$ cat query_31.cif   # mmCIF, C-alpha atoms and all ligand atoms
data_input
#
loop_
_atom_site.label_atom_id
_atom_site.label_comp_id
_atom_site.auth_asym_id
_atom_site.auth_seq_id
_atom_site.Cartn_x
_atom_site.Cartn_y
_atom_site.Cartn_z
CA MET C 8 24.45 -31.94 -17.36
CA ASN C 9 27.12 -34.50 -16.52
CA VAL C 10 30.51 -34.71 -18.14
CA ILE C 11 33.24 -37.32 -18.28
CA ILE C 12 36.84 -36.19 -18.55
CA HIS C 13 39.87 -38.22 -19.56
CA ILE C 14 43.44 -37.63 -18.53
CA ASP C 15 46.64 -38.04 -20.51
CA GLU C 16 49.84 -36.91 -18.81
CA ILE C 17 48.71 -37.90 -15.33
CA PHE C 18 48.83 -41.49 -16.55
CA LEU C 19 52.61 -41.18 -16.74
CA LYS C 20 52.89 -40.33 -13.06
CA GLY C 21 53.11 -43.88 -11.69
CA SER C 22 52.60 -44.16 -7.96
CA ASN C 23 52.05 -40.37 -7.63
CA GLN C 24 49.01 -40.47 -9.90
CA HIS C 25 46.55 -40.09 -7.03
CA LEU C 26 48.16 -36.80 -5.95
CA PHE C 27 47.71 -35.31 -9.40
CA PHE C 28 44.13 -36.59 -9.53
CA ARG C 29 43.39 -35.05 -6.15
CA GLN C 30 44.77 -31.70 -7.28
CA LEU C 31 42.73 -31.82 -10.48
CA LYS C 32 39.55 -32.61 -8.51
CA THR C 33 40.23 -29.76 -6.07
CA ASN C 34 40.89 -27.31 -8.90
CA LEU C 35 37.75 -28.27 -10.80
CA GLU C 36 35.52 -28.05 -7.73
CA LYS C 37 36.87 -24.63 -6.80
CA LEU C 38 36.83 -23.26 -10.33
CA LEU C 39 33.38 -24.54 -11.26
CA PRO C 40 31.06 -23.73 -8.35
CA GLY C 41 28.25 -26.24 -7.88
CA VAL C 42 30.00 -29.03 -9.80
CA ARG C 43 30.59 -32.35 -8.02
CA THR C 44 33.47 -34.58 -9.09
CA ALA C 45 34.24 -38.26 -8.60
CA ARG C 46 37.20 -40.38 -9.64
CA ILE C 47 36.30 -43.17 -12.05
CA GLU C 48 38.38 -45.76 -13.83
CA SER C 49 38.98 -43.79 -17.02
CA GLY C 50 39.21 -40.30 -15.52
CA LEU C 51 36.79 -38.05 -13.62
CA TRP C 52 33.02 -37.83 -13.55
CA LEU C 53 31.58 -34.31 -13.22
CA GLU C 54 27.98 -33.81 -12.12
CA ASN C 55 25.81 -30.73 -12.29
CA ILE C 56 27.89 -28.76 -14.75
CA GLN C 57 26.19 -25.90 -16.64
CA GLU C 58 26.52 -25.57 -20.39
CA SER C 59 27.89 -22.07 -19.84
CA GLN C 60 30.81 -23.57 -17.88
CA LEU C 61 32.04 -25.81 -20.73
CA GLU C 62 34.14 -23.14 -22.43
CA GLN C 63 36.03 -22.54 -19.17
CA LEU C 64 36.31 -26.29 -18.52
CA ALA C 65 38.12 -26.82 -21.83
CA LEU C 66 40.85 -24.39 -20.72
CA ILE C 67 41.41 -25.69 -17.19
CA PRO C 68 44.82 -27.39 -17.16
CA GLY C 69 45.33 -31.08 -16.46
CA PHE C 70 43.25 -33.34 -18.68
CA ALA C 71 43.06 -34.43 -22.31
CA ASN C 72 39.40 -34.27 -23.34
CA TYR C 73 35.81 -34.22 -22.16
CA ALA C 74 32.31 -35.16 -23.32
CA GLU C 75 28.78 -34.82 -22.09
CA ALA C 76 27.92 -38.26 -20.71
CA VAL C 77 25.27 -40.35 -18.97
CA LYS C 78 25.75 -42.99 -16.31
CA VAL C 79 23.52 -46.10 -16.38
CA LYS C 80 23.37 -49.57 -14.91
CA ASN C 81 25.80 -51.83 -16.78
CA GLU C 82 23.10 -53.81 -18.56
CA MET C 83 22.64 -53.95 -22.30
CA GLU C 84 19.00 -52.78 -22.27
CA ASP C 85 19.85 -49.75 -20.12
CA ILE C 86 22.79 -48.97 -22.38
CA LYS C 87 20.61 -49.08 -25.49
CA LYS C 88 18.04 -46.78 -23.88
CA SER C 89 20.69 -44.25 -22.90
CA ILE C 90 22.10 -44.34 -26.42
CA ASP C 91 18.64 -43.46 -27.75
CA ASN C 92 18.59 -40.46 -25.42
CA LEU C 93 22.07 -39.41 -26.50
CA ILE C 94 21.19 -39.74 -30.18
CA GLY C 95 18.08 -37.59 -29.65
CA ASN C 96 20.41 -34.61 -29.12
CA VAL C 97 22.78 -35.04 -32.09
CA LYS C 98 22.37 -33.60 -35.57
CA ASP C 99 23.83 -34.24 -39.02
CA VAL C 100 24.98 -37.79 -38.45
CA LYS C 101 25.28 -40.23 -41.33
CA THR C 102 28.09 -42.47 -40.10
CA PHE C 103 28.91 -43.82 -36.68
CA ARG C 104 30.94 -46.33 -34.74
CA ILE C 105 30.73 -47.88 -31.29
CA SER C 106 33.87 -47.87 -29.11
CA ALA C 107 33.45 -50.08 -26.08
CA GLU C 108 35.92 -50.70 -23.27
CA ARG C 109 35.56 -52.72 -20.11
CA SER C 110 37.40 -51.99 -16.90
CA PHE C 111 35.08 -54.60 -15.34
CA LYS C 112 36.42 -57.75 -16.94
CA LYS C 113 33.67 -60.00 -15.56
CA PHE C 114 31.04 -58.34 -17.74
CA PRO C 115 29.47 -61.23 -19.72
CA LEU C 116 30.24 -59.75 -23.16
CA SER C 117 33.66 -58.84 -24.55
CA SER C 118 34.27 -55.31 -25.90
CA VAL C 119 33.98 -56.60 -29.46
CA GLN C 120 30.69 -58.33 -28.67
CA ILE C 121 29.29 -55.16 -27.10
CA GLU C 122 30.35 -53.15 -30.15
CA LYS C 123 28.73 -55.65 -32.52
CA GLU C 124 25.43 -55.88 -30.63
CA ILE C 125 25.01 -52.16 -30.00
CA GLY C 126 26.35 -51.31 -33.46
CA GLU C 127 23.70 -53.48 -35.08
CA TYR C 128 21.01 -51.95 -32.87
CA VAL C 129 21.96 -48.39 -33.86
CA ARG C 130 22.45 -49.21 -37.55
CA LEU C 131 18.99 -50.72 -37.93
CA LYS C 132 17.17 -48.20 -35.77
CA TYR C 133 18.73 -45.03 -37.21
CA ASN C 134 19.72 -46.20 -40.65
CA TRP C 135 23.28 -44.88 -40.28
CA GLN C 136 26.36 -46.41 -41.89
CA VAL C 137 29.18 -47.85 -39.82
CA SER C 138 32.51 -46.07 -40.33
CA LEU C 139 35.43 -47.15 -38.19
CA GLY C 140 37.82 -44.53 -39.58
CA LYS C 141 36.20 -41.10 -39.38
CA PRO C 142 32.64 -41.48 -38.19
CA ASP C 143 30.39 -38.44 -37.67
CA LEU C 144 29.53 -39.84 -34.25
CA ASN C 145 31.70 -42.08 -32.12
CA ILE C 146 29.53 -43.61 -29.39
CA HIS C 147 31.67 -44.58 -26.41
CA ILE C 148 30.62 -47.19 -23.88
CA ALA C 149 32.82 -47.59 -20.81
CA ILE C 150 31.74 -50.56 -18.69
CA GLY C 151 32.58 -50.39 -14.98
CA LYS C 152 31.69 -52.71 -12.11
CA ASP C 153 28.09 -51.54 -11.59
CA THR C 154 27.75 -48.73 -14.05
CA ALA C 155 28.39 -47.91 -17.66
CA TYR C 156 29.27 -44.46 -18.97
CA ILE C 157 27.93 -43.52 -22.37
CA PHE C 158 29.11 -40.52 -24.36
CA GLY C 159 29.51 -39.25 -27.91
CA ASN C 160 32.37 -37.38 -29.58
CA THR C 161 34.93 -36.02 -27.16
CA GLN C 162 36.14 -32.39 -27.22
CA ASN C 163 39.83 -31.62 -26.81
CA ALA C 164 40.83 -29.82 -23.62
CA ILE C 165 44.04 -27.82 -23.04
CA GLY C 166 45.92 -30.83 -21.58
CA GLY C 167 49.01 -30.50 -19.38
CA LEU C 168 49.13 -30.98 -15.62
CA PRO C 169 46.75 -29.68 -12.94
CA THR C 170 47.70 -26.22 -11.70
CA SER C 171 49.46 -26.29 -8.32
CA SER C 172 50.84 -29.79 -8.73
CA SER C 173 54.44 -28.73 -9.54
CA GLY C 174 55.32 -25.98 -7.05
CA LYS C 175 55.09 -22.22 -6.65
CA VAL C 176 56.44 -19.55 -8.99
CA LEU C 177 56.20 -15.77 -9.36
CA ALA C 178 55.26 -14.42 -12.78
CA LEU C 179 56.14 -10.84 -13.79
CA LEU C 180 52.90 -9.50 -15.22
CA SER C 181 53.06 -6.41 -17.43
CA GLY C 182 50.02 -4.89 -19.09
CA GLY C 183 51.16 -6.46 -22.39
CA ILE C 184 50.01 -9.45 -24.39
CA ASP C 185 52.77 -11.89 -23.58
CA SER C 186 53.11 -12.11 -19.82
CA PRO C 187 49.53 -13.28 -19.02
CA VAL C 188 49.97 -16.00 -21.64
CA ALA C 189 53.31 -16.99 -20.07
CA ALA C 190 51.63 -17.24 -16.65
CA TYR C 191 48.90 -19.44 -18.15
CA LYS C 192 51.47 -21.71 -19.87
CA ILE C 193 53.16 -22.31 -16.52
CA MET C 194 49.78 -23.08 -14.90
CA CYS C 195 49.35 -25.70 -17.64
CA ARG C 196 52.60 -27.35 -16.51
CA GLY C 197 51.37 -27.59 -12.94
CA GLY C 198 52.94 -24.40 -11.59
CA GLU C 199 51.06 -22.47 -8.91
CA VAL C 200 51.43 -18.96 -10.21
CA SER C 201 51.52 -15.74 -8.19
CA LEU C 202 51.79 -12.45 -10.04
CA VAL C 203 53.81 -9.28 -9.55
CA HIS C 204 53.25 -6.02 -11.37
CA PHE C 205 55.46 -2.93 -11.24
CA GLN C 206 53.45 0.19 -11.54
CA ASN C 207 54.33 3.55 -12.89
CA GLN C 208 52.87 5.35 -9.86
CA THR C 209 54.00 6.39 -6.41
CA GLN C 210 50.82 4.88 -5.00
CA VAL C 211 48.74 1.99 -6.23
CA THR C 212 45.20 3.18 -6.84
CA GLU C 213 42.14 1.18 -7.83
CA GLU C 214 41.76 3.08 -11.05
CA VAL C 215 45.20 2.58 -12.53
CA SER C 216 45.23 -1.02 -11.39
CA GLU C 217 42.09 -1.97 -13.24
CA LYS C 218 43.79 -3.47 -16.27
CA ILE C 219 46.12 -5.59 -14.15
CA PHE C 220 43.25 -6.67 -11.89
CA ASP C 221 41.22 -7.69 -14.94
CA LEU C 222 44.12 -9.76 -16.31
CA ALA C 223 44.60 -11.44 -12.95
CA LYS C 224 40.87 -12.13 -12.62
CA THR C 225 40.83 -13.71 -16.07
CA LEU C 226 43.74 -15.96 -15.07
CA SER C 227 41.78 -16.96 -11.96
CA ARG C 228 39.40 -18.86 -14.28
CA TYR C 229 42.16 -21.45 -14.62
CA GLN C 230 43.88 -21.44 -11.21
CA PRO C 231 41.52 -21.22 -8.22
CA GLU C 232 43.50 -18.90 -5.97
CA ILE C 233 46.00 -16.32 -7.18
CA LYS C 234 48.16 -13.92 -5.22
CA LEU C 235 48.92 -10.59 -6.86
CA PHE C 236 51.66 -8.25 -5.66
CA MET C 237 51.47 -4.63 -6.81
CA VAL C 238 54.67 -2.61 -6.54
CA PRO C 239 54.58 1.19 -6.98
CA PHE C 240 57.71 1.82 -9.01
CA ALA C 241 57.73 5.56 -9.65
CA ASN C 242 60.44 6.42 -7.11
CA LEU C 243 62.88 3.93 -8.56
CA GLN C 244 61.87 4.90 -12.05
CA ARG C 245 62.70 8.54 -11.32
CA GLN C 246 66.20 7.53 -10.28
CA VAL C 247 66.63 5.49 -13.43
CA VAL C 248 65.66 8.46 -15.59
CA ILE C 249 67.97 10.84 -13.75
CA LYS C 250 71.00 8.62 -13.40
CA ILE C 251 71.10 6.09 -16.24
CA PRO C 252 71.93 6.89 -19.89
CA ALA C 253 68.87 6.47 -22.08
CA GLU C 254 70.02 3.36 -23.93
CA TYR C 255 70.56 1.43 -20.70
CA ARG C 256 67.41 2.50 -18.85
CA MET C 257 65.27 -0.37 -19.98
CA ILE C 258 67.85 -3.00 -18.96
CA VAL C 259 68.45 -1.42 -15.56
CA THR C 260 64.69 -1.16 -15.00
CA ARG C 261 64.21 -4.85 -15.85
CA ARG C 262 67.04 -5.73 -13.48
CA LEU C 263 65.35 -3.78 -10.70
CA PHE C 264 62.10 -5.66 -11.46
CA ASN C 265 64.01 -8.92 -11.10
CA LYS C 266 65.65 -7.84 -7.84
CA ILE C 267 62.34 -6.89 -6.25
CA ALA C 268 60.63 -10.00 -7.64
CA ASP C 269 63.51 -12.08 -6.23
CA LYS C 270 62.90 -10.59 -2.78
CA ILE C 271 59.14 -11.25 -2.90
CA ALA C 272 59.73 -14.78 -4.23
CA ARG C 273 62.20 -15.71 -1.50
CA GLU C 274 59.95 -14.30 1.23
CA ASN C 275 57.09 -16.43 -0.06
CA LYS C 276 59.13 -19.54 -0.89
CA PHE C 277 58.46 -19.34 -4.64
CA LEU C 278 61.02 -21.32 -6.61
CA ALA C 279 61.25 -19.48 -9.92
CA LEU C 280 60.55 -16.21 -11.75
CA VAL C 281 58.44 -16.33 -14.91
CA SER C 282 58.52 -13.73 -17.68
CA GLY C 283 56.78 -13.29 -21.02
CA ASP C 284 60.07 -13.01 -22.86
CA SER C 285 60.16 -14.26 -26.44
CA LEU C 286 63.56 -14.42 -28.08
CA GLY C 287 64.27 -11.44 -30.29
CA GLN C 288 60.78 -9.94 -30.05
CA VAL C 289 61.78 -6.59 -28.50
CA ALA C 290 65.09 -4.96 -27.54
CA SER C 291 65.00 -6.37 -24.00
CA GLN C 292 64.89 -9.86 -25.46
CA THR C 293 68.20 -10.23 -27.28
CA LEU C 294 70.40 -12.97 -25.82
CA GLU C 295 72.88 -10.35 -24.59
CA ASN C 296 70.23 -8.26 -22.84
CA MET C 297 68.46 -11.24 -21.32
CA THR C 298 71.82 -12.38 -19.94
CA ALA C 299 72.29 -8.97 -18.28
CA ILE C 300 68.69 -8.85 -17.01
CA TYR C 301 68.42 -12.42 -15.72
CA ASP C 302 71.71 -11.99 -13.85
CA ALA C 303 69.92 -9.73 -11.35
CA SER C 304 68.32 -12.68 -9.53
CA GLY C 305 69.81 -16.02 -8.61
CA LEU C 306 66.43 -17.76 -8.84
CA LEU C 307 65.53 -20.06 -11.70
CA LYS C 308 64.05 -18.05 -14.61
CA LEU C 309 61.30 -19.53 -16.73
CA ALA C 310 60.36 -17.97 -20.05
CA PRO C 311 57.76 -20.35 -21.49
CA LEU C 312 57.20 -18.23 -24.63
CA ILE C 313 60.87 -17.97 -25.52
CA GLY C 314 60.43 -19.98 -28.74
CA THR C 315 56.85 -19.01 -29.51
CA ASN C 316 55.93 -16.71 -32.41
CA LYS C 317 53.84 -13.60 -31.71
CA LYS C 318 50.92 -14.90 -33.78
CA ASP C 319 50.67 -18.06 -31.68
CA ILE C 320 50.93 -16.02 -28.48
CA ILE C 321 48.07 -13.80 -29.67
CA ASP C 322 45.96 -16.84 -30.60
CA LEU C 323 46.35 -18.25 -27.10
CA ALA C 324 45.72 -14.82 -25.51
CA ARG C 325 42.40 -14.68 -27.42
CA LYS C 326 41.50 -18.19 -26.33
CA ILE C 327 42.09 -17.58 -22.62
CA GLY C 328 40.40 -14.17 -22.72
CA THR C 329 43.34 -11.89 -21.93
CA MET C 330 43.84 -10.40 -25.43
CA GLU C 331 41.08 -7.80 -25.22
CA ILE C 332 42.29 -6.63 -21.82
CA SER C 333 45.94 -6.48 -22.92
CA ALA C 334 44.93 -4.41 -25.94
CA ARG C 335 43.54 -1.60 -23.73
CA PRO C 336 45.81 1.45 -23.65
CA TYR C 337 48.00 1.58 -20.59
CA GLU C 338 51.02 3.54 -19.52
CA ASP C 339 53.66 0.92 -18.92
CA CYS C 340 56.58 1.67 -16.61
CA CYS C 341 58.99 1.66 -19.49
CA SER C 342 57.03 3.24 -22.29
CA LEU C 343 57.71 6.76 -20.97
CA PHE C 344 61.46 6.88 -20.97
CA VAL C 345 62.80 4.17 -23.23
CA ALA C 346 65.43 5.39 -25.66
CA LYS C 347 64.63 5.46 -29.37
CA HIS C 348 67.53 3.08 -29.88
CA PRO C 349 68.05 1.08 -26.67
CA ALA C 350 71.21 -0.99 -26.33
CA THR C 351 70.58 -4.38 -27.89
CA LYS C 352 73.92 -5.95 -26.99
CA ALA C 353 74.44 -4.66 -23.48
CA ARG C 354 77.52 -5.85 -21.62
CA LEU C 355 76.88 -6.85 -18.03
CA LYS C 356 80.03 -4.98 -16.99
CA ASP C 357 78.61 -1.68 -18.31
CA VAL C 358 75.15 -2.32 -16.91
CA LEU C 359 76.57 -2.95 -13.43
CA LYS C 360 78.64 0.23 -13.63
CA TYR C 361 75.53 2.34 -14.29
CA GLU C 362 73.38 0.42 -11.86
CA LYS C 363 75.74 1.40 -9.02
CA LEU C 364 74.45 4.95 -9.42
CA ILE C 365 71.03 3.91 -8.16
CA ASP C 366 70.37 4.00 -4.45
CA GLU C 367 69.29 0.39 -4.05
CA SER C 368 68.29 0.87 -0.43
CA ILE C 369 65.00 2.00 -1.99
CA ILE C 370 64.41 -1.62 -2.99
CA ASP C 371 64.13 -2.65 0.64
CA LYS C 372 61.81 0.24 1.37
CA THR C 373 59.64 -0.43 -1.68
CA GLU C 374 56.04 -0.94 -0.73
CA VAL C 375 54.42 -4.20 -1.86
CA ILE C 376 50.63 -4.44 -1.79
CA SER C 377 49.23 -7.96 -1.90
CA TYR C 378 45.85 -9.08 -3.14
CA HIS C 379 44.07 -12.39 -3.17
CA ILE C 380 42.11 -13.27 -6.27
CA SER C 381 39.51 -15.98 -6.50
CA HIS C 382 36.29 -16.35 -8.50
CA ASN C 383 36.67 -13.11 -10.25
CA SER C 384 36.88 -11.13 -7.04
CA ILE C 385 39.83 -9.32 -5.50
CA THR C 386 40.54 -8.77 -1.83
CA LEU C 387 43.38 -6.94 -0.18
CA CYS C 388 45.53 -9.26 1.97
P1 LIG E 401 54.65 -8.24 -22.50
O1 LIG E 401 53.73 -8.31 -23.66
O2 LIG E 401 54.49 -9.39 -21.56
O3 LIG E 401 54.64 -6.88 -21.84
P2 LIG E 401 56.83 -7.50 -24.16
O4 LIG E 401 57.03 -8.26 -25.40
O5 LIG E 401 56.14 -6.17 -24.22
O6 LIG E 401 56.10 -8.44 -23.10
P3 LIG E 401 58.80 -6.31 -22.45
O7 LIG E 401 57.90 -5.14 -22.28
O8 LIG E 401 60.22 -6.12 -22.75
O9 LIG E 401 58.27 -7.34 -23.53
O10 LIG E 401 58.70 -7.19 -21.14
C1 LIG E 401 59.34 -8.43 -21.01
C2 LIG E 401 58.82 -9.12 -19.76
O11 LIG E 401 59.16 -8.35 -18.59
C3 LIG E 401 57.29 -9.17 -19.73
O12 LIG E 401 56.79 -10.27 -20.45
C4 LIG E 401 57.02 -9.30 -18.25
O13 LIG E 401 57.21 -10.64 -17.80
C5 LIG E 401 58.11 -8.42 -17.65
N1 LIG E 401 57.57 -7.04 -17.43
C6 LIG E 401 57.65 -5.97 -18.25
N2 LIG E 401 57.06 -4.89 -17.71
C7 LIG E 401 56.60 -5.27 -16.50
C8 LIG E 401 55.90 -4.61 -15.42
N3 LIG E 401 55.55 -3.33 -15.50
N4 LIG E 401 55.59 -5.33 -14.31
C9 LIG E 401 55.94 -6.64 -14.22
N5 LIG E 401 56.59 -7.31 -15.20
C10 LIG E 401 56.92 -6.65 -16.32
MG MG E 402 55.66 -5.08 -22.40
#
$ encode --input "query_31.cif" --output "structure tokens" --more "lines below"
Ligand code: ATP
Ligand code: MG
Amino acid sequence: MNVIIHIDEIFLKGSNQHLFFRQLKTNLEKLLPGVRTARIESGLWLENIQESQLEQLALIPGFANYAEAVKVKNEMEDIKKSIDNLIGNVKDVKTFRISAERSFKKFPLSSVQIEKEIGEYVRLKYNWQVSLGKPDLNIHIAIGKDTAYIFGNTQNAIGGLPTSSSGKVLALLSGGIDSPVAAYKIMCRGGEVSLVHFQNQTQVTEEVSEKIFDLAKTLSRYQPEIKLFMVPFANLQRQVVIKIPAEYRMIVTRRLFNKIADKIARENKFLALVSGDSLGQVASQTLENMTAIYDASGLLKLAPLIGTNKKDIIDLARKIGTMEISARPYEDCCSLFVAKHPATKARLKDVLKYEKLIDESIIDKTEVISYHISHNSITLC
């Protein structure tokens, strides 16, 4: 089938619009194999899309809505015929309206005249009532220079900006619910997201990585190419357990995550670190503790879920397909040794004092294994 998509935010981009359009086209072509795209006046025209790809399409960042559509010659008889075809596929319609717009101003009829003529045709032929407010079926006619695009009700898409149009960032991906959603939110604002995961092992093995791989693969439905860095963390973790008092272990561990992430980000020219932090949700997310944790890296920190409630995060996790994977049991780095009552108002001064006990030269020696993820497949870089 063919689909028309309409943009919203890209319209605000003035003379840079074409760059955002180009990125959106590239993303769609890579993410939806076999689909051909073309720029048209009102958005993009997608050919050869499978019905099974529509669910994914609706969650690809960068456009406002979409609808199955047909393209015909811009003549009234052809338009009427295509409307008959369109109507053949719809059910449960009692009311309708016609919404016409012309980007080709030399078309002999005005938009209102097109709406009147086609509206009358449909009303008599199908015996439906006109309703301008909330019709069951809104039949859109977009008249271009040689062609007209005809489509019915539009479906909302996720909106935002095309992934990879705003620069590169590194997202800290845990096995939890929040961080994959945070990564997705940044993709929806045009960020090109790479992922880093700190693993509770001395060596990264296929088996223990499966959950993280599955999360990353799911995110690769929305951003065509993703880099994933896996960092075996057990050696550092051992030091934390031996040297740091229980109530500070989690904060020191998070700081070490940020230090290693900072190093990877700078080496790869990423401009910010992204976390799944949500204010007040767990002990690491009090304002005091976040101050102490974020201090470990001088890079910009983005926490797109900071003001989002857990329920809304879970809803989005379900929508993008990460919830089921996040819910699988997994031994997180921190779950093993976190104190029953971790410090919730840590002072940076105290944290730094304890942190000095850790031999940070290990950070430079820490192994980082990189993978490339695309189309649901993972390759070692
Ligand atoms: P999440 O559901 O994302 O795990 P959370 O509510 O469980 O978040 P924490 O476990 O305190 O909160 O983690 C806060 C943030 O720190 C995570 O959202 C993630 O960005 C980062 N993080 C935690 N553990 C890891 C890890 N093992 N590897 C990489 N990043 C991590
Ligand atoms: Mg967690």
$ residues_near_ligand --input "query_31.cif" --ligand "ligand MG 402 (chain E)" --cutoff "8 Å" --atoms "only C-alpha atoms and all ligand atoms" --output "list in words"
Ser181, Gly182, Gly183, Ile184, Asp185, Ser186 and Asp339 of chain C
$ residues_near_ligand --input "query_31.cif" --ligand "ligand LIG 401 (chain E)" --cutoff "7 Å" --atoms "all atoms listed in the file" --output "PDB file with C-alpha atoms, in the frame of the given file"
ATOM      1  CA  ALA C 178      55.260 -14.420 -12.780  1.00  0.00           C
ATOM      2  CA  LEU C 179      56.140 -10.840 -13.790  1.00  0.00           C
ATOM      3  CA  LEU C 180      52.900  -9.500 -15.220  1.00  0.00           C
ATOM      4  CA  SER C 181      53.060  -6.410 -17.430  1.00  0.00           C
ATOM      5  CA  GLY C 182      50.020  -4.890 -19.090  1.00  0.00           C
ATOM      6  CA  GLY C 183      51.160  -6.460 -22.390  1.00  0.00           C
ATOM      7  CA  ILE C 184      50.010  -9.450 -24.390  1.00  0.00           C
ATOM      8  CA  ASP C 185      52.770 -11.890 -23.580  1.00  0.00           C
ATOM      9  CA  SER C 186      53.110 -12.110 -19.820  1.00  0.00           C
ATOM     10  CA  PRO C 187      49.530 -13.280 -19.020  1.00  0.00           C
ATOM     11  CA  VAL C 203      53.810  -9.280  -9.550  1.00  0.00           C
ATOM     12  CA  HIS C 204      53.250  -6.020 -11.370  1.00  0.00           C
ATOM     13  CA  PHE C 205      55.460  -2.930 -11.240  1.00  0.00           C
ATOM     14  CA  GLN C 206      53.450   0.190 -11.540  1.00  0.00           C
ATOM     15  CA  ARG C 261      64.210  -4.850 -15.850  1.00  0.00           C
ATOM     16  CA  PHE C 264      62.100  -5.660 -11.460  1.00  0.00           C
ATOM     17  CA  VAL C 281      58.440 -16.330 -14.910  1.00  0.00           C
ATOM     18  CA  SER C 282      58.520 -13.730 -17.680  1.00  0.00           C
ATOM     19  CA  GLY C 283      56.780 -13.290 -21.020  1.00  0.00           C
ATOM     20  CA  ASP C 284      60.070 -13.010 -22.860  1.00  0.00           C
ATOM     21  CA  SER C 285      60.160 -14.260 -26.440  1.00  0.00           C
ATOM     22  CA  GLN C 288      60.780  -9.940 -30.050  1.00  0.00           C
ATOM     23  CA  VAL C 289      61.780  -6.590 -28.500  1.00  0.00           C
ATOM     24  CA  ALA C 290      65.090  -4.960 -27.540  1.00  0.00           C
ATOM     25  CA  SER C 291      65.000  -6.370 -24.000  1.00  0.00           C
ATOM     26  CA  GLN C 292      64.890  -9.860 -25.460  1.00  0.00           C
ATOM     27  CA  ASP C 339      53.660   0.920 -18.920  1.00  0.00           C
ATOM     28  CA  CYS C 340      56.580   1.670 -16.610  1.00  0.00           C
TER      29      CYS C 340
END
$ residues_around --input "query_31.cif" --residues "Asn134 (chain C)" --least-positions-apart "6" --cutoff "12 Å" --atoms "all atoms listed in the file" --output "ChimeraX atom specification"
/C:100-103,126-128
$ closest_residue --input "query_31.cif" --among "C:Pro349, C:Pro239, C:Pro231, C:Gly305" --to "Leu39 (chain C)" --atoms "all atoms listed in the file"
C:Pro231
$ atom_distance --input "query_31.cif" --atom1 "CA of Leu177 (chain C)" --atom2 "CA of Ile271 (chain C)"
8.4 Å
$ closest_residue --input "query_31.cif" --among "C:Lys141, C:His147, C:Lys132, C:Arg256" --to "Glu108 (chain C)" --atoms "all atoms listed in the file"
C:His147
$ decode --input "query_31.cif" --residues "region 144-157 of chain C" --atoms "N, CA and C atoms" --output "mmCIF file, in the first residue's frame"
data_model
loop_
_atom_site.group_PDB
_atom_site.id
_atom_site.type_symbol
_atom_site.label_atom_id
_atom_site.label_comp_id
_atom_site.auth_asym_id
_atom_site.auth_seq_id
_atom_site.Cartn_x
_atom_site.Cartn_y
_atom_site.Cartn_z
ATOM 1 N N LEU C 144 -15.856 9.850 8.699
ATOM 2 C CA LEU C 144 -14.795 9.765 7.691
ATOM 3 C C LEU C 144 -14.503 11.147 7.111
ATOM 4 N N ASN C 145 -13.264 11.556 7.254
ATOM 5 C CA ASN C 145 -12.832 12.822 6.652
ATOM 6 C C ASN C 145 -12.054 12.466 5.385
ATOM 7 N N ILE C 146 -12.607 12.819 4.237
ATOM 8 C CA ILE C 146 -11.935 12.472 2.969
ATOM 9 C C ILE C 146 -11.076 13.663 2.548
ATOM 10 N N HIS C 147 -9.763 13.444 2.517
ATOM 11 C CA HIS C 147 -8.839 14.526 2.177
ATOM 12 C C HIS C 147 -8.479 14.458 0.706
ATOM 13 N N ILE C 148 -8.448 15.629 0.086
ATOM 14 C CA ILE C 148 -8.007 15.720 -1.311
ATOM 15 C C ILE C 148 -6.935 16.801 -1.360
ATOM 16 N N ALA C 149 -5.715 16.403 -1.687
ATOM 17 C CA ALA C 149 -4.616 17.384 -1.787
ATOM 18 C C ALA C 149 -4.228 17.493 -3.258
ATOM 19 N N ILE C 150 -4.485 18.664 -3.834
ATOM 20 C CA ILE C 150 -4.257 18.852 -5.279
ATOM 21 C C ILE C 150 -2.866 19.427 -5.516
ATOM 22 N N GLY C 151 -2.039 18.673 -6.241
ATOM 23 C CA GLY C 151 -0.718 19.172 -6.628
ATOM 24 C C GLY C 151 -0.718 19.553 -8.109
ATOM 25 N N LYS C 152 0.486 19.752 -8.660
ATOM 26 C CA LYS C 152 0.575 20.248 -10.035
ATOM 27 C C LYS C 152 -0.006 19.250 -11.058
ATOM 28 N N ASP C 153 0.425 17.995 -10.974
ATOM 29 C CA ASP C 153 -0.091 16.991 -11.905
ATOM 30 C C ASP C 153 -0.924 15.925 -11.217
ATOM 31 N N THR C 154 -0.749 15.832 -9.928
ATOM 32 C CA THR C 154 -1.393 14.724 -9.214
ATOM 33 C C THR C 154 -2.236 15.217 -8.049
ATOM 34 N N ALA C 155 -3.141 14.352 -7.659
ATOM 35 C CA ALA C 155 -3.907 14.623 -6.431
ATOM 36 C C ALA C 155 -3.727 13.427 -5.508
ATOM 37 N N TYR C 156 -3.627 13.716 -4.212
ATOM 38 C CA TYR C 156 -3.502 12.640 -3.223
ATOM 39 C C TYR C 156 -4.822 12.550 -2.468
ATOM 40 N N ILE C 157 -5.336 11.344 -2.373
ATOM 41 C CA ILE C 157 -6.632 11.149 -1.720
ATOM 42 C C ILE C 157 -6.425 10.215 -0.537
#
